[in-house]
>>> print(open('structure.cif').read())   # mmCIF, C-alpha atoms and all ligand atoms; chains and numbers go by the auth columns
data_upload
#
loop_
_atom_site.group_PDB
_atom_site.id
_atom_site.type_symbol
_atom_site.label_atom_id
_atom_site.label_comp_id
_atom_site.label_asym_id
_atom_site.label_seq_id
_atom_site.Cartn_x
_atom_site.Cartn_y
_atom_site.Cartn_z
_atom_site.B_iso_or_equiv
_atom_site.auth_seq_id
_atom_site.auth_asym_id
ATOM 1 C CA MET A 1 116.982 103.790 119.295 0.00 87 A
ATOM 2 C CA LEU A 2 114.085 101.450 118.957 0.00 88 A
ATOM 3 C CA ASP A 3 114.588 97.743 118.795 0.00 89 A
ATOM 4 C CA GLY A 4 113.722 96.201 115.447 0.00 90 A
ATOM 5 C CA LEU A 5 115.175 98.846 113.163 0.00 91 A
ATOM 6 C CA HIS A 6 117.574 97.119 110.816 0.00 92 A
ATOM 7 C CA PHE A 7 119.528 99.158 108.328 0.00 93 A
ATOM 8 C CA LEU A 8 121.167 97.091 105.592 0.00 94 A
ATOM 9 C CA PRO A 9 123.315 99.459 103.523 0.00 95 A
ATOM 10 C CA GLY A 10 124.380 98.078 100.159 0.00 96 A
ATOM 11 C CA TYR A 11 122.077 95.068 100.472 0.00 97 A
ATOM 12 C CA LEU A 12 121.505 95.127 96.693 0.00 98 A
ATOM 13 C CA ASP A 13 124.466 95.126 94.330 0.00 99 A
ATOM 14 C CA ALA A 14 124.501 97.093 91.074 0.00 100 A
ATOM 15 C CA ALA A 15 123.107 94.209 89.026 0.00 101 A
ATOM 16 C CA ALA A 16 120.255 93.610 91.462 0.00 102 A
ATOM 17 C CA GLN A 17 119.408 97.324 91.472 0.00 103 A
ATOM 18 C CA ALA A 18 119.334 97.462 87.669 0.00 104 A
ATOM 19 C CA ALA A 19 117.085 94.392 87.529 0.00 105 A
ATOM 20 C CA LEU A 20 114.719 95.975 90.046 0.00 106 A
ATOM 21 C CA VAL A 21 114.522 99.217 88.081 0.00 107 A
ATOM 22 C CA SER A 22 113.522 97.360 84.960 0.00 108 A
ATOM 23 C CA ASP A 23 110.873 95.459 86.944 0.00 109 A
ATOM 24 C CA VAL A 24 109.569 98.747 88.337 0.00 110 A
ATOM 25 C CA GLN A 25 109.447 100.198 84.826 0.00 111 A
ATOM 26 C CA ALA A 26 107.196 97.304 83.769 0.00 112 A
ATOM 27 C CA LEU A 27 104.989 97.804 86.844 0.00 113 A
ATOM 28 C CA LEU A 28 104.582 101.520 86.124 0.00 114 A
ATOM 29 C CA ARG A 29 103.551 100.822 82.533 0.00 115 A
ATOM 30 C CA GLU A 30 100.785 98.604 83.855 0.00 116 A
ATOM 31 C CA ALA A 31 99.885 100.834 86.807 0.00 117 A
ATOM 32 C CA PRO A 32 100.804 104.430 85.930 0.00 118 A
ATOM 33 C CA PRO A 33 101.935 106.801 88.702 0.00 119 A
ATOM 34 C CA TYR A 34 99.245 109.060 90.104 0.00 120 A
ATOM 35 C CA ARG A 35 99.113 111.885 92.559 0.00 121 A
ATOM 36 C CA ALA A 36 97.321 110.991 95.779 0.00 122 A
ATOM 37 C CA LEU A 37 95.464 113.648 97.767 0.00 123 A
ATOM 38 C CA MET A 38 95.762 114.265 101.482 0.00 124 A
ATOM 39 C CA PRO A 39 92.627 113.548 103.517 0.00 125 A
ATOM 40 C CA LYS A 40 90.437 116.561 104.306 0.00 126 A
ATOM 41 C CA SER A 41 92.671 119.253 102.761 0.00 127 A
ATOM 42 C CA GLY A 42 92.750 117.534 99.376 0.00 128 A
ATOM 43 C CA GLN A 43 96.323 118.795 98.942 0.00 129 A
ATOM 44 C CA PRO A 44 98.185 116.661 96.391 0.00 130 A
ATOM 45 C CA MET A 45 101.132 114.748 97.805 0.00 131 A
ATOM 46 C CA ARG A 46 104.450 115.743 96.313 0.00 132 A
ATOM 47 C CA VAL A 47 105.521 112.140 95.951 0.00 133 A
ATOM 48 C CA ARG A 48 103.952 110.284 93.032 0.00 134 A
ATOM 49 C CA MET A 49 102.773 106.775 93.719 0.00 135 A
ATOM 50 C CA SER A 50 101.728 103.462 92.341 0.00 136 A
ATOM 51 C CA ASN A 51 101.474 99.951 93.753 0.00 137 A
ATOM 52 C CA ALA A 52 101.907 96.274 93.090 0.00 138 A
ATOM 53 C CA GLY A 53 100.255 93.487 95.057 0.00 139 A
ATOM 54 C CA ALA A 54 96.752 92.468 96.087 0.00 140 A
ATOM 55 C CA LEU A 55 96.260 95.757 97.941 0.00 141 A
ATOM 56 C CA GLY A 56 97.566 99.197 97.081 0.00 142 A
ATOM 57 C CA TRP A 57 97.966 102.050 99.543 0.00 143 A
ATOM 58 C CA TYR A 58 95.958 105.098 98.543 0.00 144 A
ATOM 59 C CA THR A 59 94.560 108.352 99.846 0.00 145 A
ATOM 60 C CA ASP A 60 92.148 110.940 98.537 0.00 146 A
ATOM 61 C CA ARG A 61 90.275 113.830 100.079 0.00 147 A
ATOM 62 C CA ASP A 62 87.096 112.046 101.096 0.00 148 A
ATOM 63 C CA GLY A 63 88.227 108.451 101.660 0.00 149 A
ATOM 64 C CA GLY A 64 91.412 109.081 103.641 0.00 150 A
ATOM 65 C CA TYR A 65 94.312 106.661 103.992 0.00 151 A
ATOM 66 C CA ARG A 66 93.400 103.131 102.974 0.00 152 A
ATOM 67 C CA TYR A 67 94.160 100.109 100.861 0.00 153 A
ATOM 68 C CA ILE A 68 92.346 99.489 97.589 0.00 154 A
ATOM 69 C CA ALA A 69 92.415 96.499 95.258 0.00 155 A
ATOM 70 C CA ALA A 70 92.454 98.361 91.942 0.00 156 A
ATOM 71 C CA HIS A 71 94.258 101.306 90.374 0.00 157 A
ATOM 72 C CA PRO A 72 92.232 104.483 91.038 0.00 158 A
ATOM 73 C CA GLU A 73 92.428 105.696 87.440 0.00 159 A
ATOM 74 C CA THR A 74 92.527 102.571 85.279 0.00 160 A
ATOM 75 C CA GLY A 75 90.270 100.481 87.531 0.00 161 A
ATOM 76 C CA ARG A 76 92.481 97.471 86.874 0.00 162 A
ATOM 77 C CA PRO A 77 93.829 95.255 89.673 0.00 163 A
ATOM 78 C CA TRP A 78 97.359 96.182 90.731 0.00 164 A
ATOM 79 C CA PRO A 79 100.072 94.123 89.018 0.00 165 A
ATOM 80 C CA VAL A 80 101.524 91.262 91.046 0.00 166 A
ATOM 81 C CA ILE A 81 104.666 91.871 93.071 0.00 167 A
ATOM 82 C CA PRO A 82 107.617 90.571 91.024 0.00 168 A
ATOM 83 C CA GLU A 83 109.769 87.748 92.362 0.00 169 A
ATOM 84 C CA SER A 84 112.779 90.077 92.483 0.00 170 A
ATOM 85 C CA ILE A 85 110.986 92.143 95.131 0.00 171 A
ATOM 86 C CA LEU A 86 109.421 89.213 96.997 0.00 172 A
ATOM 87 C CA GLY A 87 112.894 87.697 97.326 0.00 173 A
ATOM 88 C CA ILE A 88 114.065 90.728 99.293 0.00 174 A
ATOM 89 C CA TRP A 89 111.097 90.437 101.668 0.00 175 A
ATOM 90 C CA ARG A 90 111.842 86.745 102.232 0.00 176 A
ATOM 91 C CA GLY A 91 115.468 87.553 102.872 0.00 177 A
ATOM 92 C CA VAL A 92 115.032 90.322 105.414 0.00 178 A
ATOM 93 C CA SER A 93 111.536 90.365 106.914 0.00 179 A
ATOM 94 C CA GLY A 94 111.755 87.334 109.196 0.00 180 A
ATOM 95 C CA TYR A 95 108.028 86.974 108.550 0.00 181 A
ATOM 96 C CA THR A 96 106.473 83.830 107.129 0.00 182 A
ATOM 97 C CA ALA A 97 103.567 85.266 105.106 0.00 183 A
ATOM 98 C CA GLU A 98 104.093 87.227 101.900 0.00 184 A
ATOM 99 C CA PRO A 99 103.648 90.996 101.666 0.00 185 A
ATOM 100 C CA GLU A 100 100.366 92.162 100.139 0.00 186 A
ATOM 101 C CA CYS A 101 101.435 95.655 99.158 0.00 187 A
ATOM 102 C CA CYS A 102 104.437 97.030 97.360 0.00 188 A
ATOM 103 C CA LEU A 103 103.966 100.778 97.435 0.00 189 A
ATOM 104 C CA ILE A 104 106.063 102.543 94.802 0.00 190 A
ATOM 105 C CA ASN A 105 106.974 106.095 95.844 0.00 191 A
ATOM 106 C CA LEU A 106 108.573 108.336 93.220 0.00 192 A
ATOM 107 C CA TYR A 107 110.528 111.296 94.567 0.00 193 A
ATOM 108 C CA ASP A 108 111.687 114.192 92.427 0.00 194 A
ATOM 109 C CA ALA A 109 114.432 116.537 93.588 0.00 195 A
ATOM 110 C CA ALA A 110 112.072 118.668 95.669 0.00 196 A
ATOM 111 C CA ALA A 111 109.922 115.897 97.129 0.00 197 A
ATOM 112 C CA ARG A 112 109.731 115.314 100.845 0.00 198 A
ATOM 113 C CA MET A 113 107.646 113.124 103.121 0.00 199 A
ATOM 114 C CA GLY A 114 106.521 114.500 106.450 0.00 200 A
ATOM 115 C CA LEU A 115 107.001 112.599 109.693 0.00 201 A
ATOM 116 C CA HIS A 116 104.327 109.888 109.954 0.00 202 A
ATOM 117 C CA GLN A 117 103.602 106.374 111.175 0.00 203 A
ATOM 118 C CA ASP A 118 102.573 103.491 108.918 0.00 204 A
ATOM 119 C CA ARG A 119 99.422 102.344 110.654 0.00 205 A
ATOM 120 C CA ASP A 120 96.831 101.520 108.047 0.00 206 A
ATOM 121 C CA GLU A 121 97.602 97.800 108.327 0.00 207 A
ATOM 122 C CA GLN A 122 95.947 95.145 110.497 0.00 208 A
ATOM 123 C CA ASP A 123 99.145 93.298 111.236 0.00 209 A
ATOM 124 C CA PHE A 124 101.854 95.202 113.080 0.00 210 A
ATOM 125 C CA ALA A 125 103.720 91.947 113.741 0.00 211 A
ATOM 126 C CA ALA A 126 104.909 92.106 110.152 0.00 212 A
ATOM 127 C CA PRO A 127 107.722 94.577 109.529 0.00 213 A
ATOM 128 C CA VAL A 128 107.778 97.312 106.924 0.00 214 A
ATOM 129 C CA VAL A 129 110.576 96.759 104.417 0.00 215 A
ATOM 130 C CA SER A 130 111.866 99.732 102.447 0.00 216 A
ATOM 131 C CA ILE A 131 114.104 99.494 99.376 0.00 217 A
ATOM 132 C CA SER A 132 115.914 102.564 98.007 0.00 218 A
ATOM 133 C CA LEU A 133 116.817 103.009 94.332 0.00 219 A
ATOM 134 C CA GLY A 134 118.391 106.027 92.636 0.00 220 A
ATOM 135 C CA ASP A 135 119.201 109.293 94.388 0.00 221 A
ATOM 136 C CA SER A 136 120.045 109.193 98.080 0.00 222 A
ATOM 137 C CA ALA A 137 117.566 110.481 100.606 0.00 223 A
ATOM 138 C CA LEU A 138 117.918 111.933 104.063 0.00 224 A
ATOM 139 C CA PHE A 139 115.635 109.760 106.180 0.00 225 A
ATOM 140 C CA ARG A 140 114.531 110.706 109.663 0.00 226 A
ATOM 141 C CA VAL A 141 113.321 108.192 112.216 0.00 227 A
ATOM 142 C CA GLY A 142 112.159 108.689 115.782 0.00 228 A
ATOM 143 C CA GLY A 143 110.107 106.755 118.293 0.00 229 A
ATOM 144 C CA GLN A 144 106.470 105.799 118.668 0.00 230 A
ATOM 145 C CA ASN A 145 105.506 109.288 119.797 0.00 231 A
ATOM 146 C CA ARG A 146 105.721 112.211 117.447 0.00 232 A
ATOM 147 C CA ARG A 147 107.824 114.180 119.929 0.00 233 A
ATOM 148 C CA ASP A 148 110.405 111.485 120.599 0.00 234 A
ATOM 149 C CA PRO A 149 113.970 112.368 119.579 0.00 235 A
ATOM 150 C CA THR A 150 114.851 111.479 116.013 0.00 236 A
ATOM 151 C CA ARG A 151 117.982 110.536 114.165 0.00 237 A
ATOM 152 C CA SER A 152 118.851 110.781 110.503 0.00 238 A
ATOM 153 C CA LEU A 153 120.066 108.109 108.121 0.00 239 A
ATOM 154 C CA LYS A 154 121.207 108.580 104.569 0.00 240 A
ATOM 155 C CA LEU A 155 119.481 106.015 102.384 0.00 241 A
ATOM 156 C CA ALA A 156 121.439 105.316 99.210 0.00 242 A
ATOM 157 C CA SER A 157 120.607 103.233 96.169 0.00 243 A
ATOM 158 C CA GLY A 158 120.595 99.548 97.051 0.00 244 A
ATOM 159 C CA ASP A 159 120.040 100.112 100.760 0.00 245 A
ATOM 160 C CA VAL A 160 117.303 98.182 102.530 0.00 246 A
ATOM 161 C CA LEU A 161 115.695 99.269 105.778 0.00 247 A
ATOM 162 C CA VAL A 162 113.521 97.066 107.974 0.00 248 A
ATOM 163 C CA LEU A 163 111.152 98.600 110.509 0.00 249 A
ATOM 164 C CA GLY A 164 110.043 95.741 112.737 0.00 250 A
ATOM 165 C CA GLY A 165 109.448 95.154 116.427 0.00 251 A
ATOM 166 C CA GLU A 166 109.199 98.419 118.359 0.00 252 A
ATOM 167 C CA ALA A 167 110.333 100.317 115.282 0.00 253 A
ATOM 168 C CA ARG A 168 107.294 99.094 113.314 0.00 254 A
ATOM 169 C CA LEU A 169 105.327 102.096 114.561 0.00 255 A
ATOM 170 C CA ALA A 170 108.208 104.566 114.653 0.00 256 A
ATOM 171 C CA PHE A 171 107.578 108.003 113.207 0.00 257 A
ATOM 172 C CA HIS A 172 109.611 108.473 110.050 0.00 258 A
ATOM 173 C CA GLY A 173 109.889 110.690 106.998 0.00 259 A
ATOM 174 C CA ILE A 174 112.103 111.965 104.217 0.00 260 A
ATOM 175 C CA ASP A 175 113.674 115.394 104.778 0.00 261 A
ATOM 176 C CA ARG A 176 115.353 115.786 101.424 0.00 262 A
ATOM 177 C CA ILE A 177 116.582 114.148 98.261 0.00 263 A
ATOM 178 C CA HIS A 178 120.210 114.457 97.219 0.00 264 A
ATOM 179 C CA ALA A 179 119.477 115.163 93.571 0.00 265 A
ATOM 180 C CA GLY A 180 122.001 113.771 91.117 0.00 266 A
ATOM 181 C CA SER A 181 123.691 111.496 93.630 0.00 267 A
ATOM 182 C CA SER A 182 122.896 108.386 91.557 0.00 268 A
ATOM 183 C CA ARG A 183 122.953 107.543 87.852 0.00 269 A
ATOM 184 C CA LEU A 184 120.810 104.448 88.236 0.00 270 A
ATOM 185 C CA LEU A 185 117.683 105.934 86.635 0.00 271 A
ATOM 186 C CA ALA A 186 119.499 107.981 83.982 0.00 272 A
ATOM 187 C CA PRO A 187 118.986 105.447 81.160 0.00 273 A
ATOM 188 C CA TYR A 188 115.222 105.481 81.705 0.00 274 A
ATOM 189 C CA GLU A 189 113.726 108.548 80.084 0.00 275 A
ATOM 190 C CA GLU A 190 110.229 107.747 81.267 0.00 276 A
ATOM 191 C CA MET A 191 111.430 107.478 84.846 0.00 277 A
ATOM 192 C CA ALA A 192 112.867 110.933 85.283 0.00 278 A
ATOM 193 C CA TRP A 193 112.371 110.863 89.041 0.00 279 A
ATOM 194 C CA GLY A 194 115.400 111.034 91.212 0.00 280 A
ATOM 195 C CA ARG A 195 114.486 108.318 93.656 0.00 281 A
ATOM 196 C CA ILE A 196 112.288 105.265 93.765 0.00 282 A
ATOM 197 C CA ASN A 197 111.329 103.824 97.105 0.00 283 A
ATOM 198 C CA LEU A 198 109.622 100.465 97.346 0.00 284 A
ATOM 199 C CA THR A 199 107.765 99.828 100.593 0.00 285 A
ATOM 200 C CA LEU A 200 106.641 96.280 101.287 0.00 286 A
ATOM 201 C CA ARG A 201 103.890 95.651 103.800 0.00 287 A
ATOM 202 C CA ARG A 202 101.650 92.904 105.036 0.00 288 A
ATOM 203 C CA VAL A 203 98.185 94.455 105.291 0.00 289 A
ATOM 204 C CA THR A 204 95.814 91.756 106.591 0.00 290 A
ATOM 205 C CA LEU A 205 96.360 89.106 109.243 0.00 291 A
ATOM 206 C CA PRO A 206 97.529 85.855 107.674 0.00 292 A
ATOM 207 C CA ARG A 207 95.068 83.010 108.361 0.00 293 A
HETATM 208 FE FE FE B . 105.957 105.405 105.867 0.00 301 B
#
>>> encode(input="structure.cif", output="structure tokens")
Amino acid sequence: MLDGLHFLPGYLDAAAQAALVSDVQALLREAPPYRALMPKSGQPMRVRMSNAGALGWYTDRDGGYRYIAAHPETGRPWPVIPESILGIWRGVSGYTAEPECCLINLYDAAARMGLHQDRDEQDFAAPVVSISLGDSALFRVGGQNRRDPTRSLKLASGDVLVLGGEARLAFHGIDRIHAGSSRLLAPYEEMAWGRINLTLRRVTLPR
């Protein structure tokens, strides 16, 4: 297994998870979820997305994978990353500069994410920090080549995963969602997704 992969199961207790969900709810009211399109094919991604931070990750048919400074539909700047989320980055990233992107991925019961690398950033010295809320997911992670052997991890609500060092460019994806495995989002009618994943990334080189 690659050096620099740190799995922190149960990093967030129930109270911290509930506080995060209410922060995410506020973010999604300001920056509503949208459906991004795969480059070239224009196929909509199954996972719905939004962002917080100076730069939001985005893809559409013609522009491809990239970071943009404003919501594609409202045209407004992305909301700032809440302190509750920044605190997690400071606690686990081992990186001095702040993250610039908090990608919010919303998975329903049938959503999956194919094996991919996160490589749209300028700074691979900064880790990728992933925070799981709600239903558990079966996560797959391999090496820096698509054909390297992979292993699976079950990511449950409150788990934090850090992909740093050699693991920063590891191929990874979500094979399936264990629908109904968490009640965390049940009180939120407007968030009827099974799983929320927050991905924190540094995009540009700090000066
Ligand atoms: Fe990724």
>>> residues_near_ligand(input="structure.cif", ligand="ligand FE 301 (chain B)", cutoff="8 Å", atoms="all atoms listed in the file", output="VMD selection string")
chain A and resid 202 to 204 257 to 259 285
>>> resolve_selection(input="structure.cif", expression="the PyMOL selection byres (((chain A and resi 158) around 12) and not hetatm)", output="PyMOL selection string")
chain A and resi 117-123+135-137+141-146+153-157+159-164
>>> resolve_selection(input="structure.cif", expression="the PyMOL selection byres (((chain A and resi 194) around 6) and not hetatm)", output="list in words")
Tyr193, Ala195, Ala196, Ala197, Trp279 and Gly280 of chain A
>>> closest_residue(input="structure.cif", among="A:Glu169, A:Asp234, A:Asp245, A:Asp89", to="Val110 of chain A", atoms="only C-alpha atoms")
A:Glu169
>>> atom_distance(input="structure.cif", atom1="atom CA of Pro95 of chain A", atom2="atom CA of Arg254 of chain A")
18.8 Å
>>> residues_around(input="structure.cif", residues="segment 181-187 of chain A", least_positions_apart="5", cutoff="8 Å", atoms="only C-alpha atoms", output="ChimeraX atom specification")
/A:137-143,167,172,175-176,212-213,285-290,292
>>> write_last_selection(input="structure.cif", atoms="C-alpha atoms", output="short mmCIF file (atom, residue, chain, number, x, y, z; two decimals), in the frame of the given file")
data_model
loop_
_atom_site.label_atom_id
_atom_site.label_comp_id
_atom_site.auth_asym_id
_atom_site.auth_seq_id
_atom_site.Cartn_x
_atom_site.Cartn_y
_atom_site.Cartn_z
CA ASN A 137 101.47 99.95 93.75
CA ALA A 138 101.91 96.27 93.09
CA GLY A 139 100.26 93.49 95.06
CA ALA A 140 96.75 92.47 96.09
CA LEU A 141 96.26 95.76 97.94
CA GLY A 142 97.57 99.20 97.08
CA TRP A 143 97.97 102.05 99.54
CA ILE A 167 104.67 91.87 93.07
CA LEU A 172 109.42 89.21 97.00
CA TRP A 175 111.10 90.44 101.67
CA ARG A 176 111.84 86.74 102.23
CA ALA A 212 104.91 92.11 110.15
CA PRO A 213 107.72 94.58 109.53
CA THR A 285 107.76 99.83 100.59
CA LEU A 286 106.64 96.28 101.29
CA ARG A 287 103.89 95.65 103.80
CA ARG A 288 101.65 92.90 105.04
CA VAL A 289 98.18 94.46 105.29
CA THR A 290 95.81 91.76 106.59
CA PRO A 292 97.53 85.86 107.67
#
>>> atom_distance(input="structure.cif", atom1="atom CA of His92 of chain A", atom2="atom CA of Met131 of chain A")
27.4 Å
>>> resolve_selection(input="structure.cif", expression="the PyMOL selection byres (((chain A and resi 271) around 9) and not hetatm)", output="number ranges by chain")
A: 104, 107, 219-221, 268-270, 272-275, 277-282
>>> write_last_selection(input="structure.cif", atoms="C-alpha atoms", output="compact mmCIF listing (two decimals), in the coordinates of the input")
# COMPACT_ATOMS: atom_id res chain seq x y z
CA ALA A 104 119.33 97.46 87.67
CA VAL A 107 114.52 99.22 88.08
CA LEU A 219 116.82 103.01 94.33
CA GLY A 220 118.39 106.03 92.64
CA ASP A 221 119.20 109.29 94.39
CA SER A 268 122.90 108.39 91.56
CA ARG A 269 122.95 107.54 87.85
CA LEU A 270 120.81 104.45 88.24
CA ALA A 272 119.50 107.98 83.98
CA PRO A 273 118.99 105.45 81.16
CA TYR A 274 115.22 105.48 81.70
CA GLU A 275 113.73 108.55 80.08
CA MET A 277 111.43 107.48 84.85
CA ALA A 278 112.87 110.93 85.28
CA TRP A 279 112.37 110.86 89.04
CA GLY A 280 115.40 111.03 91.21
CA ARG A 281 114.49 108.32 93.66
CA ILE A 282 112.29 105.26 93.76
>>> residues_near_point(input="structure.cif", point="(113.8, 116.5, 103.5)", cutoff="7 Å", atoms="all atoms listed in the file", output="list in words")
Arg198, Leu224, Ile260, Asp261, Arg262 and Ile263 of chain A
>>> closest_residue(input="structure.cif", among="A:Arg132, A:Arg147, A:Arg152, A:Arg205", to="Gln230 of chain A", atoms="all atoms listed in the file")
A:Arg205
>>> closest_residue(input="structure.cif", among="A:Val178, A:Leu113, A:Leu88, A:Leu106", to="Val246 of chain A", atoms="all atoms listed in the file")
A:Val178
>>> axis_aligned_box(input="structure.cif", around="segment 186-192 of chain A", padding_each_side="6 Å", output="JSON")
{"center_x": 104.5, "center_y": 100.2, "center_z": 96.7, "size_x": 20.2, "size_y": 28.2, "size_z": 18.9}
